[in-house]
$ cat entry.pdb   # PDB, C-alpha atoms and all ligand atoms
ATOM      1  CA  MET R   1       0.992 -18.161  -7.170
ATOM      2  CA  LYS R   2      -0.275 -16.765 -10.466
ATOM      3  CA  THR R   3      -4.007 -16.822 -11.178
ATOM      4  CA  MET R   4      -3.433 -17.632 -14.847
ATOM      5  CA  TYR R   5      -0.861 -18.346 -17.532
ATOM      6  CA  TRP R   6      -0.841 -18.805 -21.290
ATOM      7  CA  LYS R   7       0.635 -22.037 -22.639
ATOM      8  CA  ASP R   8       0.258 -23.964 -25.924
ATOM      9  CA  ASN R   9      -2.396 -21.548 -27.168
ATOM     10  CA  GLU R  10      -4.609 -22.162 -24.150
ATOM     11  CA  LEU R  11      -5.409 -20.069 -21.087
ATOM     12  CA  HIS R  12      -4.751 -21.925 -17.834
ATOM     13  CA  LEU R  13      -6.818 -20.521 -14.967
ATOM     14  CA  LEU R  14      -6.471 -21.251 -11.269
ATOM     15  CA  ASP R  15      -9.962 -22.461 -10.337
ATOM     16  CA  GLN R  16     -10.741 -20.208  -7.373
ATOM     17  CA  THR R  17     -13.965 -22.007  -6.529
ATOM     18  CA  LYS R  18     -11.790 -24.905  -5.306
ATOM     19  CA  LEU R  19      -9.553 -22.804  -3.037
ATOM     20  CA  PRO R  20      -8.286 -23.153  -0.371
ATOM     21  CA  ASP R  21      -8.622 -26.941  -0.426
ATOM     22  CA  GLU R  22      -7.339 -27.647  -3.927
ATOM     23  CA  VAL R  23      -4.913 -25.771  -6.154
ATOM     24  CA  VAL R  24      -6.105 -26.764  -9.622
ATOM     25  CA  TYR R  25      -5.593 -25.024 -12.973
ATOM     26  CA  MET R  26      -8.290 -25.495 -15.631
ATOM     27  CA  GLN R  27      -7.819 -24.971 -19.357
ATOM     28  CA  CYS R  28      -9.796 -22.542 -21.482
ATOM     29  CA  LYS R  29      -9.589 -23.603 -25.117
ATOM     30  CA  THR R  30     -12.238 -21.200 -26.474
ATOM     31  CA  TYR R  31     -13.435 -17.723 -25.604
ATOM     32  CA  MET R  32     -16.711 -19.310 -24.461
ATOM     33  CA  ASP R  33     -14.726 -21.262 -21.846
ATOM     34  CA  VAL R  34     -13.363 -17.927 -20.585
ATOM     35  CA  ILE R  35     -16.870 -16.439 -20.403
ATOM     36  CA  ASP R  36     -18.024 -19.436 -18.394
ATOM     37  CA  ALA R  37     -15.051 -19.165 -16.023
ATOM     38  CA  ILE R  38     -15.814 -15.473 -15.397
ATOM     39  CA  LYS R  39     -19.546 -16.096 -14.849
ATOM     40  CA  THR R  40     -18.959 -18.970 -12.450
ATOM     41  CA  MET R  41     -16.177 -17.017 -10.704
ATOM     42  CA  LYS R  42     -13.443 -19.571 -11.325
ATOM     43  CA  VAL R  43     -11.585 -16.380 -12.139
ATOM     44  CA  ARG R  44     -12.744 -13.308 -10.240
ATOM     45  CA  GLY R  45     -11.545  -9.918  -9.016
ATOM     46  CA  ALA R  46     -11.602  -6.928 -11.357
ATOM     47  CA  PRO R  47      -8.008  -6.982 -12.702
ATOM     48  CA  ALA R  48      -7.980 -10.780 -13.143
ATOM     49  CA  ILE R  49     -11.304 -10.660 -14.983
ATOM     50  CA  GLY R  50      -9.839  -8.001 -17.295
ATOM     51  CA  VAL R  51      -6.705  -9.955 -18.195
ATOM     52  CA  ALA R  52      -8.666 -13.223 -18.596
ATOM     53  CA  ALA R  53     -11.059 -11.381 -20.938
ATOM     54  CA  ALA R  54      -8.100 -10.183 -23.039
ATOM     55  CA  PHE R  55      -6.907 -13.793 -23.341
ATOM     56  CA  GLY R  56     -10.491 -14.707 -24.285
ATOM     57  CA  MET R  57     -10.157 -12.263 -27.175
ATOM     58  CA  ALA R  58      -6.870 -13.935 -28.126
ATOM     59  CA  LEU R  59      -8.599 -17.338 -28.194
ATOM     60  CA  ALA R  60     -11.341 -15.868 -30.417
ATOM     61  CA  GLU R  61      -8.713 -14.460 -32.777
ATOM     62  CA  LEU R  62      -6.800 -17.737 -32.992
ATOM     63  CA  ALA R  63     -10.046 -19.577 -33.800
ATOM     64  CA  GLY R  64     -10.888 -17.050 -36.543
ATOM     65  CA  GLU R  65     -14.060 -15.900 -34.759
ATOM     66  CA  LYS R  66     -15.758 -12.557 -35.449
ATOM     67  CA  MET R  67     -13.981 -10.254 -32.993
ATOM     68  CA  GLU R  68     -16.848  -7.782 -32.468
ATOM     69  CA  LYS R  69     -19.216 -10.636 -31.604
ATOM     70  CA  ALA R  70     -16.712 -12.217 -29.215
ATOM     71  CA  ALA R  71     -16.137  -8.793 -27.633
ATOM     72  CA  ASP R  72     -19.861  -8.266 -26.986
ATOM     73  CA  GLU R  73     -20.273 -11.735 -25.528
ATOM     74  CA  ILE R  74     -17.229 -11.462 -23.275
ATOM     75  CA  LYS R  75     -18.374  -8.059 -22.040
ATOM     76  CA  SER R  76     -21.713  -9.539 -21.002
ATOM     77  CA  ALA R  77     -20.093 -12.062 -18.611
ATOM     78  CA  ARG R  78     -20.280  -9.768 -15.552
ATOM     79  CA  PRO R  79     -21.513  -6.153 -15.432
ATOM     80  CA  THR R  80     -19.799  -4.283 -12.598
ATOM     81  CA  ALA R  81     -15.994  -4.510 -12.912
ATOM     82  CA  VAL R  82     -15.010  -1.934 -15.542
ATOM     83  CA  ASN R  83     -11.701  -3.758 -16.167
ATOM     84  CA  LEU R  84     -13.619  -6.308 -18.260
ATOM     85  CA  PHE R  85     -14.825  -3.610 -20.683
ATOM     86  CA  TRP R  86     -11.489  -1.779 -20.585
ATOM     87  CA  ALA R  87      -9.532  -4.923 -21.469
ATOM     88  CA  VAL R  88     -11.765  -6.014 -24.348
ATOM     89  CA  ASP R  89     -11.793  -2.486 -25.830
ATOM     90  CA  ARG R  90      -8.025  -2.220 -25.485
ATOM     91  CA  VAL R  91      -7.563  -5.462 -27.454
ATOM     92  CA  LEU R  92      -9.974  -4.273 -30.162
ATOM     93  CA  GLN R  93      -8.134  -0.953 -30.391
ATOM     94  CA  ALA R  94      -4.725  -2.647 -30.647
ATOM     95  CA  LYS R  95      -6.012  -4.685 -33.556
ATOM     96  CA  GLU R  96      -7.612  -1.664 -35.238
ATOM     97  CA  THR R  97      -4.470   0.434 -35.021
ATOM     98  CA  GLY R  98      -2.342  -2.528 -36.070
ATOM     99  CA  SER R  99      -0.199  -2.243 -32.938
ATOM    100  CA  GLY R 100      -0.375  -5.996 -32.329
ATOM    101  CA  SER R 101      -2.450  -9.165 -32.260
ATOM    102  CA  ALA R 102      -4.995  -9.835 -29.513
ATOM    103  CA  LEU R 103      -2.516 -12.237 -27.981
ATOM    104  CA  ASP R 104       0.308  -9.657 -28.003
ATOM    105  CA  GLU R 105      -1.960  -7.197 -26.219
ATOM    106  CA  ALA R 106      -3.182  -9.775 -23.677
ATOM    107  CA  LEU R 107       0.404 -10.761 -22.863
ATOM    108  CA  LYS R 108       1.306  -7.091 -22.452
ATOM    109  CA  MET R 109      -1.597  -6.607 -20.026
ATOM    110  CA  TYR R 110      -0.542  -9.741 -18.142
ATOM    111  CA  ASP R 111       2.927  -8.301 -17.484
ATOM    112  CA  GLU R 112       1.653  -4.787 -16.782
ATOM    113  CA  ASP R 113      -0.753  -6.051 -14.106
ATOM    114  CA  VAL R 114       2.035  -7.181 -11.797
ATOM    115  CA  GLU R 115       4.109  -4.003 -12.348
ATOM    116  CA  THR R 116       1.038  -1.854 -11.649
ATOM    117  CA  ASN R 117       0.233  -3.733  -8.461
ATOM    118  CA  ARG R 118       3.781  -3.363  -7.188
ATOM    119  CA  ALA R 119       3.531   0.402  -7.741
ATOM    120  CA  ILE R 120       0.164   0.471  -5.915
ATOM    121  CA  GLY R 121       1.757  -1.486  -3.075
ATOM    122  CA  LYS R 122       4.674   0.922  -2.795
ATOM    123  CA  ASN R 123       2.418   3.995  -2.812
ATOM    124  CA  GLY R 124      -0.021   2.483  -0.344
ATOM    125  CA  ALA R 125       2.611   1.273   2.106
ATOM    126  CA  ALA R 126       3.190   4.954   2.979
ATOM    127  CA  VAL R 127      -0.169   5.128   4.800
ATOM    128  CA  ILE R 128       0.422   1.956   6.819
ATOM    129  CA  ASP R 129       2.280   2.383  10.099
ATOM    130  CA  ASP R 130       4.448  -0.127  11.893
ATOM    131  CA  GLY R 131       2.195  -2.146  14.216
ATOM    132  CA  ASP R 132      -1.068  -1.393  12.373
ATOM    133  CA  THR R 133      -3.896  -3.865  12.204
ATOM    134  CA  VAL R 134      -5.415  -3.545   8.729
ATOM    135  CA  LEU R 135      -8.919  -4.764   7.976
ATOM    136  CA  THR R 136      -9.800  -5.845   4.448
ATOM    137  CA  HIS R 137     -13.016  -7.022   2.823
ATOM    138  CA  CYS R 138     -13.400  -9.647   0.074
ATOM    139  CA  ASN R 139     -10.176 -10.498  -1.762
ATOM    140  CA  ALA R 140      -8.219  -7.803  -3.544
ATOM    141  CA  GLY R 141      -5.055  -9.843  -3.459
ATOM    142  CA  ALA R 142      -2.866 -11.731  -5.906
ATOM    143  CA  LEU R 143      -5.848 -13.992  -6.531
ATOM    144  CA  ALA R 144      -7.908 -11.044  -7.792
ATOM    145  CA  CYS R 145      -5.155 -10.006 -10.232
ATOM    146  CA  VAL R 146      -2.458 -11.811 -12.180
ATOM    147  CA  ASP R 147      -0.271 -11.647  -9.063
ATOM    148  CA  TYR R 148       0.675  -9.502  -6.004
ATOM    149  CA  GLY R 149      -2.715  -7.817  -5.530
ATOM    150  CA  THR R 150      -3.972  -4.295  -4.894
ATOM    151  CA  ALA R 151      -5.231  -4.033  -1.284
ATOM    152  CA  LEU R 152      -3.208  -7.079  -0.204
ATOM    153  CA  GLY R 153      -0.342  -5.727  -2.333
ATOM    154  CA  VAL R 154      -0.307  -2.674  -0.039
ATOM    155  CA  ILE R 155      -0.038  -5.013   2.963
ATOM    156  CA  ARG R 156       2.728  -7.064   1.264
ATOM    157  CA  ALA R 157       4.680  -3.897   0.449
ATOM    158  CA  ALA R 158       4.319  -2.514   3.997
ATOM    159  CA  ARG R 159       5.556  -5.826   5.415
ATOM    160  CA  ASP R 160       8.466  -5.840   2.942
ATOM    161  CA  GLU R 161       9.431  -2.386   4.241
ATOM    162  CA  GLY R 162       9.900  -4.023   7.631
ATOM    163  CA  LYS R 163       6.618  -2.931   9.238
ATOM    164  CA  LYS R 164       4.860  -5.338  11.552
ATOM    165  CA  ILE R 165       1.317  -5.688  10.237
ATOM    166  CA  ASN R 166      -1.643  -7.695  11.452
ATOM    167  CA  VAL R 167      -4.518  -8.358   9.091
ATOM    168  CA  ILE R 168      -8.206  -8.882   9.769
ATOM    169  CA  CYS R 169     -10.217 -10.453   6.950
ATOM    170  CA  ASP R 170     -13.979 -10.138   6.766
ATOM    171  CA  GLU R 171     -15.454 -13.494   5.851
ATOM    172  CA  THR R 172     -17.347 -11.877   2.909
ATOM    173  CA  ARG R 173     -20.610 -13.734   2.551
ATOM    174  CA  PRO R 174     -22.063 -15.219   0.467
ATOM    175  CA  LEU R 175     -19.053 -16.708  -1.350
ATOM    176  CA  GLY R 176     -16.431 -16.248   1.348
ATOM    177  CA  GLN R 177     -13.655 -14.575  -0.662
ATOM    178  CA  GLY R 178     -12.230 -13.137   2.568
ATOM    179  CA  ALA R 179     -12.238 -16.461   4.405
ATOM    180  CA  ARG R 180     -11.259 -18.715   1.523
ATOM    181  CA  LEU R 181      -8.901 -16.477  -0.447
ATOM    182  CA  SER R 182      -7.532 -13.543   1.581
ATOM    183  CA  VAL R 183      -6.802 -15.644   4.667
ATOM    184  CA  PHE R 184      -5.161 -18.262   2.416
ATOM    185  CA  GLU R 185      -2.956 -15.619   0.775
ATOM    186  CA  MET R 186      -1.890 -14.058   4.072
ATOM    187  CA  GLN R 187      -1.080 -17.475   5.516
ATOM    188  CA  GLN R 188       1.063 -18.283   2.470
ATOM    189  CA  GLU R 189       2.903 -14.980   3.037
ATOM    190  CA  LYS R 190       3.214 -15.676   6.790
ATOM    191  CA  ILE R 191       1.520 -12.361   7.574
ATOM    192  CA  PRO R 192      -0.452 -12.662  10.863
ATOM    193  CA  VAL R 193      -4.143 -12.850   9.981
ATOM    194  CA  LYS R 194      -7.455 -13.275  11.793
ATOM    195  CA  LEU R 195     -10.839 -14.078  10.288
ATOM    196  CA  ILE R 196     -14.038 -12.379  11.476
ATOM    197  CA  VAL R 197     -17.658 -12.704  10.424
ATOM    198  CA  ASP R 198     -18.770  -9.693   8.384
ATOM    199  CA  SER R 199     -20.968  -8.363  11.158
ATOM    200  CA  ALA R 200     -18.013  -8.170  13.609
ATOM    201  CA  ALA R 201     -16.217  -5.405  11.656
ATOM    202  CA  GLY R 202     -17.978  -2.518  13.433
ATOM    203  CA  HIS R 203     -17.323  -4.071  16.846
ATOM    204  CA  MET R 204     -13.601  -4.445  16.099
ATOM    205  CA  MET R 205     -13.385  -0.772  15.093
ATOM    206  CA  GLN R 206     -15.341   0.386  18.152
ATOM    207  CA  LYS R 207     -12.886  -1.507  20.361
ATOM    208  CA  GLY R 208      -9.935   0.279  18.690
ATOM    209  CA  MET R 209      -8.650  -2.973  17.206
ATOM    210  CA  VAL R 210      -8.372  -1.676  13.608
ATOM    211  CA  GLN R 211      -6.052   1.177  12.564
ATOM    212  CA  LYS R 212      -6.583   1.172   8.777
ATOM    213  CA  ILE R 213      -8.934  -0.305   6.230
ATOM    214  CA  VAL R 214      -7.780  -1.125   2.701
ATOM    215  CA  ILE R 215     -10.141  -2.671   0.161
ATOM    216  CA  GLY R 216     -10.153  -3.056  -3.624
ATOM    217  CA  ALA R 217     -12.626  -1.775  -6.203
ATOM    218  CA  ASP R 218     -14.573  -3.032  -9.172
ATOM    219  CA  ARG R 219     -15.155   0.481 -10.410
ATOM    220  CA  VAL R 220     -14.109   3.958  -9.332
ATOM    221  CA  ALA R 221     -16.489   6.525 -10.864
ATOM    222  CA  LYS R 222     -17.967   9.952 -10.178
ATOM    223  CA  GLY R 223     -19.267   9.987  -6.619
ATOM    224  CA  GLY R 224     -17.689   6.837  -5.236
ATOM    225  CA  VAL R 225     -16.490   3.286  -5.601
ATOM    226  CA  ALA R 226     -18.274  -0.010  -6.289
ATOM    227  CA  ASN R 227     -16.850  -2.996  -4.455
ATOM    228  CA  LYS R 228     -17.961  -6.291  -2.932
ATOM    229  CA  ILE R 229     -21.237  -6.218  -1.027
ATOM    230  CA  GLY R 230     -20.550  -5.234   2.578
ATOM    231  CA  SER R 231     -17.930  -2.596   1.712
ATOM    232  CA  LEU R 232     -20.467   0.179   2.392
ATOM    233  CA  MET R 233     -21.184  -1.044   5.936
ATOM    234  CA  VAL R 234     -17.459  -1.249   6.664
ATOM    235  CA  ALA R 235     -16.969   2.307   5.357
ATOM    236  CA  LEU R 236     -19.862   3.668   7.437
ATOM    237  CA  ALA R 237     -18.518   2.101  10.605
ATOM    238  CA  ALA R 238     -15.014   3.371   9.756
ATOM    239  CA  LYS R 239     -16.322   6.945   9.483
ATOM    240  CA  ARG R 240     -18.129   6.651  12.828
ATOM    241  CA  PHE R 241     -15.030   5.332  14.622
ATOM    242  CA  GLY R 242     -12.435   7.485  12.810
ATOM    243  CA  VAL R 243     -10.615   4.651  11.032
ATOM    244  CA  PRO R 244      -9.067   5.772   7.691
ATOM    245  CA  PHE R 245     -10.744   3.856   4.846
ATOM    246  CA  TYR R 246      -8.582   3.441   1.706
ATOM    247  CA  VAL R 247      -9.375   1.931  -1.675
ATOM    248  CA  ALA R 248      -6.491   0.402  -3.670
ATOM    249  CA  ALA R 249      -7.132   0.154  -7.411
ATOM    250  CA  PRO R 250      -5.314   0.473 -10.728
ATOM    251  CA  LYS R 251      -6.275   3.263 -13.160
ATOM    252  CA  SER R 252      -7.859   0.531 -15.340
ATOM    253  CA  THR R 253     -10.618   0.350 -12.692
ATOM    254  CA  PHE R 254     -11.433   4.060 -13.153
ATOM    255  CA  ASP R 255     -14.537   5.064 -15.107
ATOM    256  CA  GLU R 256     -14.281   8.842 -15.212
ATOM    257  CA  GLU R 257     -17.278   9.269 -17.532
ATOM    258  CA  ASN R 258     -20.071   7.798 -15.441
ATOM    259  CA  SER R 259     -21.705   8.381 -12.085
ATOM    260  CA  ILE R 260     -21.119   5.448  -9.764
ATOM    261  CA  TYR R 261     -24.888   5.394  -9.214
ATOM    262  CA  ASP R 262     -25.434   4.563 -12.912
ATOM    263  CA  VAL R 263     -23.231   1.482 -12.739
ATOM    264  CA  LYS R 264     -25.032  -1.842 -12.966
ATOM    265  CA  ILE R 265     -24.756  -3.765  -9.735
ATOM    266  CA  GLU R 266     -24.650  -7.481 -10.472
ATOM    267  CA  GLU R 267     -27.421  -9.602  -8.969
ATOM    268  CA  ARG R 268     -26.335 -13.193  -8.508
ATOM    269  CA  ASP R 269     -28.028 -16.548  -8.012
ATOM    270  CA  PRO R 270     -30.215 -16.759  -4.847
ATOM    271  CA  ASP R 271     -28.663 -20.160  -4.149
ATOM    272  CA  GLU R 272     -25.442 -18.412  -3.087
ATOM    273  CA  VAL R 273     -27.338 -16.850  -0.164
ATOM    274  CA  LEU R 274     -29.495 -19.873   0.575
ATOM    275  CA  HIS R 275     -26.440 -22.087   1.057
ATOM    276  CA  PHE R 276     -23.338 -22.011   3.183
ATOM    277  CA  GLY R 277     -21.010 -24.098   1.102
ATOM    278  CA  LYS R 278     -23.129 -27.104   0.187
ATOM    279  CA  CYS R 279     -25.448 -26.787   3.184
ATOM    280  CA  ARG R 280     -28.847 -25.075   2.828
ATOM    281  CA  ILE R 281     -29.383 -22.556   5.641
ATOM    282  CA  ALA R 282     -32.910 -21.248   5.001
ATOM    283  CA  PRO R 283     -36.315 -22.852   4.461
ATOM    284  CA  GLU R 284     -37.296 -24.017   0.952
ATOM    285  CA  GLY R 285     -39.076 -21.233  -0.903
ATOM    286  CA  THR R 286     -37.200 -18.370   0.828
ATOM    287  CA  GLU R 287     -37.089 -15.214  -1.304
ATOM    288  CA  VAL R 288     -33.648 -13.683  -1.701
ATOM    289  CA  GLU R 289     -31.893 -10.498  -2.815
ATOM    290  CA  ASN R 290     -28.274 -11.133  -3.762
ATOM    291  CA  PRO R 291     -26.521  -7.940  -4.893
ATOM    292  CA  ALA R 292     -22.846  -8.770  -5.428
ATOM    293  CA  PHE R 293     -21.551  -5.197  -4.951
ATOM    294  CA  ASP R 294     -22.408  -1.954  -3.184
ATOM    295  CA  ILE R 295     -21.322   1.649  -3.480
ATOM    296  CA  VAL R 296     -19.072   3.489  -1.060
ATOM    297  CA  PRO R 297     -19.662   7.251  -1.474
ATOM    298  CA  SER R 298     -16.559   9.421  -1.974
ATOM    299  CA  ASP R 299     -16.928  11.243   1.366
ATOM    300  CA  LEU R 300     -16.264   7.991   3.251
ATOM    301  CA  ILE R 301     -12.971   7.357   1.411
ATOM    302  CA  ALA R 302      -9.649   8.720   2.726
ATOM    303  CA  GLY R 303      -7.852   8.153  -0.581
ATOM    304  CA  ILE R 304      -7.611   5.952  -3.644
ATOM    305  CA  ILE R 305      -4.236   4.247  -3.825
ATOM    306  CA  THR R 306      -3.194   3.869  -7.468
ATOM    307  CA  GLU R 307      -0.012   3.191  -9.408
ATOM    308  CA  GLU R 308       0.212   6.962  -9.953
ATOM    309  CA  GLY R 309      -0.058   7.892  -6.282
ATOM    310  CA  ILE R 310      -2.836   8.397  -3.744
ATOM    311  CA  LEU R 311      -5.702  10.236  -5.416
ATOM    312  CA  GLU R 312      -8.733  12.052  -4.061
ATOM    313  CA  PRO R 313     -12.031  10.303  -4.809
ATOM    314  CA  PHE R 314     -14.005  12.315  -7.378
TER
HETATM  315  O1  LIG E 401     -17.192 -10.958  -6.969
HETATM  316  P1  LIG E 401     -15.699 -10.832  -6.948
HETATM  317  O2  LIG E 401     -15.009 -11.835  -6.091
HETATM  318  O3  LIG E 401     -15.134 -10.751  -8.363
HETATM  319  O4  LIG E 401     -15.457  -9.408  -6.284
HETATM  320  C1  LIG E 401     -14.147  -8.950  -6.135
HETATM  321  C2  LIG E 401     -14.043  -7.667  -5.407
HETATM  322  O5  LIG E 401     -15.013  -7.080  -4.966
HETATM  323  C3  LIG E 401     -12.672  -7.072  -5.306
HETATM  324  O6  LIG E 401     -12.554  -6.309  -4.142
HETATM  325  C4  LIG E 401     -12.416  -6.165  -6.516
HETATM  326  O7  LIG E 401     -12.689  -6.830  -7.710
HETATM  327  C5  LIG E 401     -11.020  -5.668  -6.544
HETATM  328  S1  LIG E 401      -9.844  -6.917  -6.899
HETATM  329  C6  LIG E 401      -8.309  -6.221  -6.914
END
$ encode --input "entry.pdb" --output "structure tokens" --more "lines below"
Ligand code: MRU
Amino acid sequence: MKTMYWKDNELHLLDQTKLPDEVVYMQCKTYMDVIDAIKTMKVRGAPAIGVAAAFGMALAELAGEKMEKAADEIKSARPTAVNLFWAVDRVLQAKETGSGSALDEALKMYDEDVETNRAIGKNGAAVIDDGDTVLTHCNAGALACVDYGTALGVIRAARDEGKKINVICDETRPLGQGARLSVFEMQQEKIPVKLIVDSAAGHMMQKGMVQKIVIGADRVAKGGVANKIGSLMVALAAKRFGVPFYVAAPKSTFDEENSIYDVKIEERDPDEVLHFGKCRIAPEGTEVENPAFDIVPSDLIAGIITEEGILEPF
């Protein structure tokens, strides 16, 4: 199931806020529609955000908009995933050097995404043993990319090599990407999967019920990795209980210039925390902190699985 496709000069996006109950594609006719879809997380996950942003640039070009202005506005949709900035800059550069239109470049990135993820999967499968139970956090699957996925791509590839794999998905509060999206993907693939609440991860490791952890990343920078809130607690527990903790990410998620501690961590709407689905779970007037990501320091990471091989965190 692809998260997006381009047809009749429109971007069709799988609306992930409706999953797993409804599989519905929405149309983006303008780059502003793409910005809205990224902000409201109809499309989410670092690689998917990047490719959607490139198609946003294509929509701006087709409408004769000012490209620099569209670029700045698209880049302001979400702050943490570096793929958004990478994709927009790559489109601008392709236009500057005359190597192609924004649409040509977006379509190239669309195809590359799947190839890259397959290479990540193949490289990562080497660290997964037959019979492993692999814990993952959030959704770094096909739904976070164009297709196939990074962390879940590693699991797919290991299974395709004939290994028997069990998967544990953290629920991933507040928006439930683990429960709604990763469990859904694993069920579609017929890979055995169990759902746990986020706070059960440490217990499962202490009981010896997890052999590997593989998560995705929104940014890999000097000193560590930014990923969905809760990744840090998983990594700390993994260190304590000796469970290898891997990050699977394409090179487009690397930001080699900056310290991970200088990266802006997105703060999202308090209502996401105050509600479980549509149901309010705290008293009116409750104050909230809602950081969407946290930072896993390099010393907690066993390796970063990329399309170029397994790299040391830097
Ligand atoms: O807020 P989200 O759902 O966009 O966060 C997604 C994640 O944290 C993923 O793990 C990350 O983007 C990697 S996706 C291959």
$ residues_near_ligand --input "entry.pdb" --ligand "ligand LIG 401 (chain E)" --cutoff "6 Å" --atoms "only C-alpha atoms and all ligand atoms" --output "list in words"
Arg44, Gly45, Ala46, Pro47, Cys138, Asn139, Ala140, Gly141, Ala144, Cys145, Gly149, Thr150, Gly216, Ala217, Asp218, Asn227 and Lys228 of chain R
$ write_last_selection --input "entry.pdb" --atoms "C-alpha atoms" --output "tab-separated table (two decimals), in the frame of the given file"
chain	number	residue	atom	x	y	z
R	44	ARG	CA	-12.74	-13.31	-10.24
R	45	GLY	CA	-11.54	-9.92	-9.02
R	46	ALA	CA	-11.60	-6.93	-11.36
R	47	PRO	CA	-8.01	-6.98	-12.70
R	138	CYS	CA	-13.40	-9.65	0.07
R	139	ASN	CA	-10.18	-10.50	-1.76
R	140	ALA	CA	-8.22	-7.80	-3.54
R	141	GLY	CA	-5.06	-9.84	-3.46
R	144	ALA	CA	-7.91	-11.04	-7.79
R	145	CYS	CA	-5.16	-10.01	-10.23
R	149	GLY	CA	-2.72	-7.82	-5.53
R	150	THR	CA	-3.97	-4.30	-4.89
R	216	GLY	CA	-10.15	-3.06	-3.62
R	217	ALA	CA	-12.63	-1.78	-6.20
R	218	ASP	CA	-14.57	-3.03	-9.17
R	227	ASN	CA	-16.85	-3.00	-4.46
R	228	LYS	CA	-17.96	-6.29	-2.93
$ residues_around --input "entry.pdb" --residues "R:Met209" --least-positions-apart "5" --cutoff "12 Å" --atoms "all atoms listed in the file" --output "ChimeraX atom specification"
/R:131-135,166-168,194,200-204,238,241-243
$ resolve_selection --input "entry.pdb" --expression "the PyMOL selection byres (((chain R and resi 174-189) around 8) and not hetatm)" --output "ChimeraX atom specification"
/R:19-20,136-143,152,169-173,190-195,272-273,276
$ write_last_selection --input "entry.pdb" --atoms "C-alpha atoms" --output "mmCIF file, in the coordinates of the input"
data_model
loop_
_atom_site.group_PDB
_atom_site.id
_atom_site.type_symbol
_atom_site.label_atom_id
_atom_site.label_comp_id
_atom_site.auth_asym_id
_atom_site.auth_seq_id
_atom_site.Cartn_x
_atom_site.Cartn_y
_atom_site.Cartn_z
ATOM 1 C CA LEU R 19 -9.553 -22.804 -3.037
ATOM 2 C CA PRO R 20 -8.286 -23.153 -0.371
ATOM 3 C CA THR R 136 -9.800 -5.845 4.448
ATOM 4 C CA HIS R 137 -13.016 -7.022 2.823
ATOM 5 C CA CYS R 138 -13.400 -9.647 0.074
ATOM 6 C CA ASN R 139 -10.176 -10.498 -1.762
ATOM 7 C CA ALA R 140 -8.219 -7.803 -3.544
ATOM 8 C CA GLY R 141 -5.055 -9.843 -3.459
ATOM 9 C CA ALA R 142 -2.866 -11.731 -5.906
ATOM 10 C CA LEU R 143 -5.848 -13.992 -6.531
ATOM 11 C CA LEU R 152 -3.208 -7.079 -0.204
ATOM 12 C CA CYS R 169 -10.217 -10.453 6.950
ATOM 13 C CA ASP R 170 -13.979 -10.138 6.766
ATOM 14 C CA GLU R 171 -15.454 -13.494 5.851
ATOM 15 C CA THR R 172 -17.347 -11.877 2.909
ATOM 16 C CA ARG R 173 -20.610 -13.734 2.551
ATOM 17 C CA LYS R 190 3.214 -15.676 6.790
ATOM 18 C CA ILE R 191 1.520 -12.361 7.574
ATOM 19 C CA PRO R 192 -0.452 -12.662 10.863
ATOM 20 C CA VAL R 193 -4.143 -12.850 9.981
ATOM 21 C CA LYS R 194 -7.455 -13.275 11.793
ATOM 22 C CA LEU R 195 -10.839 -14.078 10.288
ATOM 23 C CA GLU R 272 -25.442 -18.412 -3.087
ATOM 24 C CA VAL R 273 -27.338 -16.850 -0.164
ATOM 25 C CA PHE R 276 -23.338 -22.011 3.183
#
$ residues_around --input "entry.pdb" --residues "R:Lys2" --least-positions-apart "4" --cutoff "12 Å" --atoms "all atoms listed in the file" --output "PyMOL selection string"
chain R and resi 6+12-16+23-25+43+48+110-111+113-114+141-149+185
$ axis_aligned_box --input "entry.pdb" --around "stretch 18-28 of chain R" --padding-each-side "5 Å" --output "lines of an AutoDock Vina configuration file"
center_x = -8.4
center_y = -25.1
center_z = -10.9
size_x = 16.9
size_y = 15.1
size_z = 31.1
$ closest_residue --input "entry.pdb" --among "R:Val34, R:Leu300, R:Ala119, R:Leu103" --to "R:Leu84" --atoms "only C-alpha atoms"
R:Val34
$ resolve_selection --input "entry.pdb" --expression "the PyMOL selection byres (((chain R and resi 292) around 7) and not hetatm)" --output "JSON, numbers by chain"
{"R": [228, 229, 265, 266, 267, 268, 290, 291, 293]}
$ write_last_selection --input "entry.pdb" --atoms "C-alpha atoms" --output "JSON list (two decimals), in the coordinates of the input"
[["chain", "number", "residue", "atom", "x", "y", "z"],
["R", 228, "LYS", "CA", -17.96, -6.29, -2.93],
["R", 229, "ILE", "CA", -21.24, -6.22, -1.03],
["R", 265, "ILE", "CA", -24.76, -3.76, -9.74],
["R", 266, "GLU", "CA", -24.65, -7.48, -10.47],
["R", 267, "GLU", "CA", -27.42, -9.60, -8.97],
["R", 268, "ARG", "CA", -26.34, -13.19, -8.51],
["R", 290, "ASN", "CA", -28.27, -11.13, -3.76],
["R", 291, "PRO", "CA", -26.52, -7.94, -4.89],
["R", 293, "PHE", "CA", -21.55, -5.20, -4.95]]
$ atom_distance --input "entry.pdb" --atom1 "atom CA of R:Lys239" --atom2 "atom CA of R:Lys164"
24.6 Å
$ residues_around --input "entry.pdb" --residues "stretch 52-67 of chain R" --least-positions-apart "4" --cutoff "10 Å" --atoms "all atoms listed in the file" --output "PyMOL selection string"
chain R and resi 3-6+9-13+28-35+37-38+43-44+47-48+71-75+77+83-92+95+101-110+145-146
$ atom_distance --input "entry.pdb" --atom1 "atom CA of R:Pro297" --atom2 "atom CA of R:Leu311"
14.8 Å
$ closest_residue --input "entry.pdb" --among "R:Val263, R:Val288, R:Ala126, R:Ala81" --to "R:Gly223" --atoms "only C-alpha atoms"
R:Val263
$ closest_residue --input "entry.pdb" --among "R:Ile120, R:Ala282, R:Val225, R:Met205" --to "R:Tyr261" --atoms "only C-alpha atoms"
R:Val225
